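Down below is the structure, laid out as structure tokens.
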Amino acid sequence: KKKFLIIVITLILAIHQDTFIKAGELEFSKLVEKVEGDAIELAREVERLYKNRCENFVECHKNNYHECVTSFPSQTCPGGEQMGDKRCGDDITCSRLWDYTVSRVSVPEEVADGLNYNPTDPEVIETVCFSRNLDRWFRNKHHKEKNYWKEQYGLETPPPYFGARNGFFRIYPAYRWPSCGQFDPRKRPWYIAASSGPKNILLVLDVSGSMGNEGKLEIMKDAAKRIVNTLGVGDRIAIVPFSSQPEHVIAMHGSHMYVVTKENKAVLIKNIDSLYADGSTNFYAAFAKAFEIFDATLVKELHVDCNSAILFLTDGAMTPRYDMSEQDVTDFIVKGIHKMEE
């Protein structure tokens, strides 16, 4: 229950991030207090609906407004730059169509495995149904606070949303999404940050010659970029590509972890794209460099005091060394991980 509340709070903070930019320093504390209050209110409403989910399930009959097959019942064109869509008119006087009477739901295509994109998993169906009555809370909250956001910050009321662990997503007000079945809240930085907390991540990537076979290097690059894209500004990361030696470390100033800002993500992804396969496979040197970067980040107090992880992507065994066995390398890695946990 406590963890669930944290997820909702983080979610609300994420949707209000644009308002932080517009608020002056003196307004910041007031705004944070307001956002926290909204988050707690929404968390309590979701918990109440979940507690009474059996009643909601009987009334539900899968009657929701899905992004793939639905014509929303009461669409309007409010206009204004904040509500715009560049594919629609001039993006100001004519915006995308919004429906303030209902929320829109989406389910990733791997979960929406039934007829007309309906899920068949009982847990997903239950989540769809018990959260359906959030629409009433959404409408009341929007009506109550519409003037507040306009008068205080010159903004439309930020759209609240709810993402579940099974991939279900609900957002208000409803609008047509350009793609169908592609959005998965579990892969979004706000969800991952809430469920796992701030993280120190070391990506150790094998770019030895064998990775150039059978498309393995491209698969690894894709996996590494996916990991980077799930991180947020509360996280830290460095990447250690290695073959015979870790010669092209992707780290801030070559020595410590990056703060995962939007700008640094672009740097990280550009460097990942430039990786190529060559050389032998030296696990020991790779992990020695990873631990060195972690220690340097710790000394500079640039780490986060929460979770730390090493993600190791390789296609197989290390190149044999005359002076070191695989067990020696394993013992070295285990010792280094234990030190990270201290």
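The way I read the labels, and the way they are meant: chains A, B, ... in the order of the structure tokens, residue 1 as the first residue of every chain, and ligand 1 as the first ligand shown, with later ones counted on from there.
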Practice item. Compile the contact shell of Asn116 of chain A as an NGL selection string: residues with an atom at most 10 Å away, counting only C-alpha atoms, same-chain residues fewer than 3 positions apart removed. Key: :A and (66 or 68-69 or 112-113 or 119)
Dump of all heavy atoms for the selected residues, as a compact mmCIF listing (two decimals), in the first residue's frame:
```
# COMPACT_ATOMS: atom_id res chain seq x y z
N HIS A 66 -11.28 2.71 -25.46
CA HIS A 66 -9.93 2.28 -25.81
C HIS A 66 -9.40 3.07 -27.00
O HIS A 66 -10.14 3.43 -27.92
CB HIS A 66 -9.93 0.78 -26.13
CG HIS A 66 -8.57 0.18 -26.15
ND1 HIS A 66 -7.76 0.23 -27.25
CD2 HIS A 66 -7.86 -0.47 -25.19
CE1 HIS A 66 -6.61 -0.37 -26.99
NE2 HIS A 66 -6.64 -0.81 -25.74
N CYS A 68 -7.69 2.23 -29.54
CA CYS A 68 -7.62 1.57 -30.84
C CYS A 68 -8.96 1.48 -31.57
O CYS A 68 -9.00 1.42 -32.79
CB CYS A 68 -7.05 0.16 -30.69
SG CYS A 68 -5.38 0.13 -30.01
N VAL A 69 -10.06 1.41 -30.84
CA VAL A 69 -11.35 1.09 -31.48
C VAL A 69 -12.48 2.05 -31.13
O VAL A 69 -13.61 1.84 -31.55
CB VAL A 69 -11.78 -0.35 -31.10
CG1 VAL A 69 -10.80 -1.36 -31.65
CG2 VAL A 69 -11.88 -0.51 -29.58
N ALA A 112 -3.10 -6.75 -24.91
CA ALA A 112 -4.41 -6.69 -25.57
C ALA A 112 -4.51 -7.82 -26.58
O ALA A 112 -4.48 -7.61 -27.80
CB ALA A 112 -4.58 -5.33 -26.25
N ASP A 113 -4.65 -9.03 -26.07
CA ASP A 113 -4.53 -10.22 -26.91
C ASP A 113 -5.87 -10.84 -27.30
O ASP A 113 -5.91 -11.90 -27.90
CB ASP A 113 -3.68 -11.28 -26.20
CG ASP A 113 -4.18 -11.59 -24.79
OD1 ASP A 113 -5.14 -10.92 -24.33
OD2 ASP A 113 -3.62 -12.49 -24.14
N PRO A 119 -8.14 -7.13 -23.49
CA PRO A 119 -7.25 -8.06 -22.79
C PRO A 119 -8.03 -9.30 -22.33
O PRO A 119 -9.25 -9.23 -22.10
CB PRO A 119 -6.76 -7.24 -21.59
CG PRO A 119 -7.86 -6.25 -21.35
CD PRO A 119 -8.42 -5.92 -22.71
```
Each segment 303-342 of chain A residue no farther than 12 Å from segment 256-272 of chain A, nearest pair in Å, only C-alpha atoms, as CSV:
```
residue,atom,partner,partner_atom,distance
A:His303,CA,A:Met257,CA,7.6
A:Val304,CA,A:Val259,CA,9.9
A:Ser308,CA,A:Met257,CA,11.9
```
Could you save the residues just selected, with N, CA, C and O atoms, as a PDB file, in the first residue's frame?
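What follows is the written file again_30.pdb:
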```
ATOM      1  N   HIS A 303      26.820  10.260  -6.475  1.00  0.00           N
ATOM      2  CA  HIS A 303      25.953   9.094  -6.536  1.00  0.00           C
ATOM      3  C   HIS A 303      24.620   9.394  -5.859  1.00  0.00           C
ATOM      4  O   HIS A 303      24.401  10.473  -5.311  1.00  0.00           O
ATOM      5  N   VAL A 304      23.706   8.426  -5.912  1.00  0.00           N
ATOM      6  CA  VAL A 304      22.457   8.520  -5.157  1.00  0.00           C
ATOM      7  C   VAL A 304      22.482   7.439  -4.076  1.00  0.00           C
ATOM      8  O   VAL A 304      22.972   6.330  -4.287  1.00  0.00           O
ATOM      9  N   SER A 308      21.946   0.444  -6.328  1.00  0.00           N
ATOM     10  CA  SER A 308      23.040   0.386  -7.291  1.00  0.00           C
ATOM     11  C   SER A 308      22.979  -0.962  -8.007  1.00  0.00           C
ATOM     12  O   SER A 308      22.640  -1.983  -7.397  1.00  0.00           O
TER      13      SER A 308
END
```
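For Leu97 of chain A, the set of protein, DNA and RNA residues having any atom at most 7 Å away, when counting only C-alpha atoms and skipping those fewer than 4 positions along the same chain, is Gln75, Thr76, Cys77 and Tyr175 of chain A.
Every residue of segment 157-220 of chain A with a DSSP assignment of alpha helix (DSSP H), taken from the backbone, is listed as Pro189, Trp190, Tyr191, Ile192, Ala193, Ala194, Ser195, Ser196, Lys216, Leu217, Glu218, Ile219 and Met220 of chain A.
By only C-alpha atoms, and with residues fewer than 2 positions from Leu205 of chain A along its chain excluded, the set lying at most 7 Å from it is A:Leu203, A:Val207, A:Val240, A:Pro241, A:Phe242, A:Phe312, A:Leu313, A:Thr314.
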Pull N, CA and C atoms from the residues just selected and write them as a PDB file, in the first residue's frame.
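Just written: part.pdb:
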```
ATOM      1  N   LEU A 203      26.531   0.038 -16.853  1.00  0.00           N
ATOM      2  CA  LEU A 203      26.296  -0.859 -17.984  1.00  0.00           C
ATOM      3  C   LEU A 203      27.643  -1.365 -18.491  1.00  0.00           C
ATOM      4  N   VAL A 207      31.895  -5.754 -26.380  1.00  0.00           N
ATOM      5  CA  VAL A 207      31.992  -5.384 -27.802  1.00  0.00           C
ATOM      6  C   VAL A 207      33.168  -6.121 -28.449  1.00  0.00           C
ATOM      7  N   VAL A 240      30.473   0.979 -19.705  1.00  0.00           N
ATOM      8  CA  VAL A 240      31.826   0.453 -19.892  1.00  0.00           C
ATOM      9  C   VAL A 240      31.807  -0.562 -21.035  1.00  0.00           C
ATOM     10  N   PRO A 241      32.015  -0.110 -22.280  1.00  0.00           N
ATOM     11  CA  PRO A 241      32.185  -1.064 -23.377  1.00  0.00           C
ATOM     12  C   PRO A 241      33.586  -1.673 -23.257  1.00  0.00           C
ATOM     13  N   PHE A 242      33.710  -2.954 -23.549  1.00  0.00           N
ATOM     14  CA  PHE A 242      35.018  -3.579 -23.397  1.00  0.00           C
ATOM     15  C   PHE A 242      35.210  -4.695 -24.413  1.00  0.00           C
ATOM     16  N   PHE A 312      25.247  -6.443 -17.018  1.00  0.00           N
ATOM     17  CA  PHE A 312      26.343  -7.022 -17.803  1.00  0.00           C
ATOM     18  C   PHE A 312      25.748  -7.708 -19.029  1.00  0.00           C
ATOM     19  N   LEU A 313      26.096  -7.226 -20.218  1.00  0.00           N
ATOM     20  CA  LEU A 313      25.584  -7.787 -21.466  1.00  0.00           C
ATOM     21  C   LEU A 313      26.736  -8.382 -22.252  1.00  0.00           C
ATOM     22  N   THR A 314      26.700  -9.693 -22.455  1.00  0.00           N
ATOM     23  CA  THR A 314      27.757 -10.397 -23.162  1.00  0.00           C
ATOM     24  C   THR A 314      27.165 -11.587 -23.912  1.00  0.00           C
TER      25      THR A 314
END
```
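A straight line drawn from atom CA of Glu341 of chain A to atom CA of Leu202 of chain A is 13.7 Å long.
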Exercise for review: Return the single residue from A:Asn52, A:Ser74, A:Thr281, A:Ser103 that is closest to Ala174 of chain A, with distances computed using only C-alpha atoms.
Suggested key: A:Ser103
Practice item. Within segment 137-282 of chain A, find each residue whose DSSP state, derived from the backbone, is strand (DSSP E or B), and express the selection as a ChimeraX atom specification. Key: /A:161-163,169-171,174-175,199-206,236-242,250,252,256,258-259
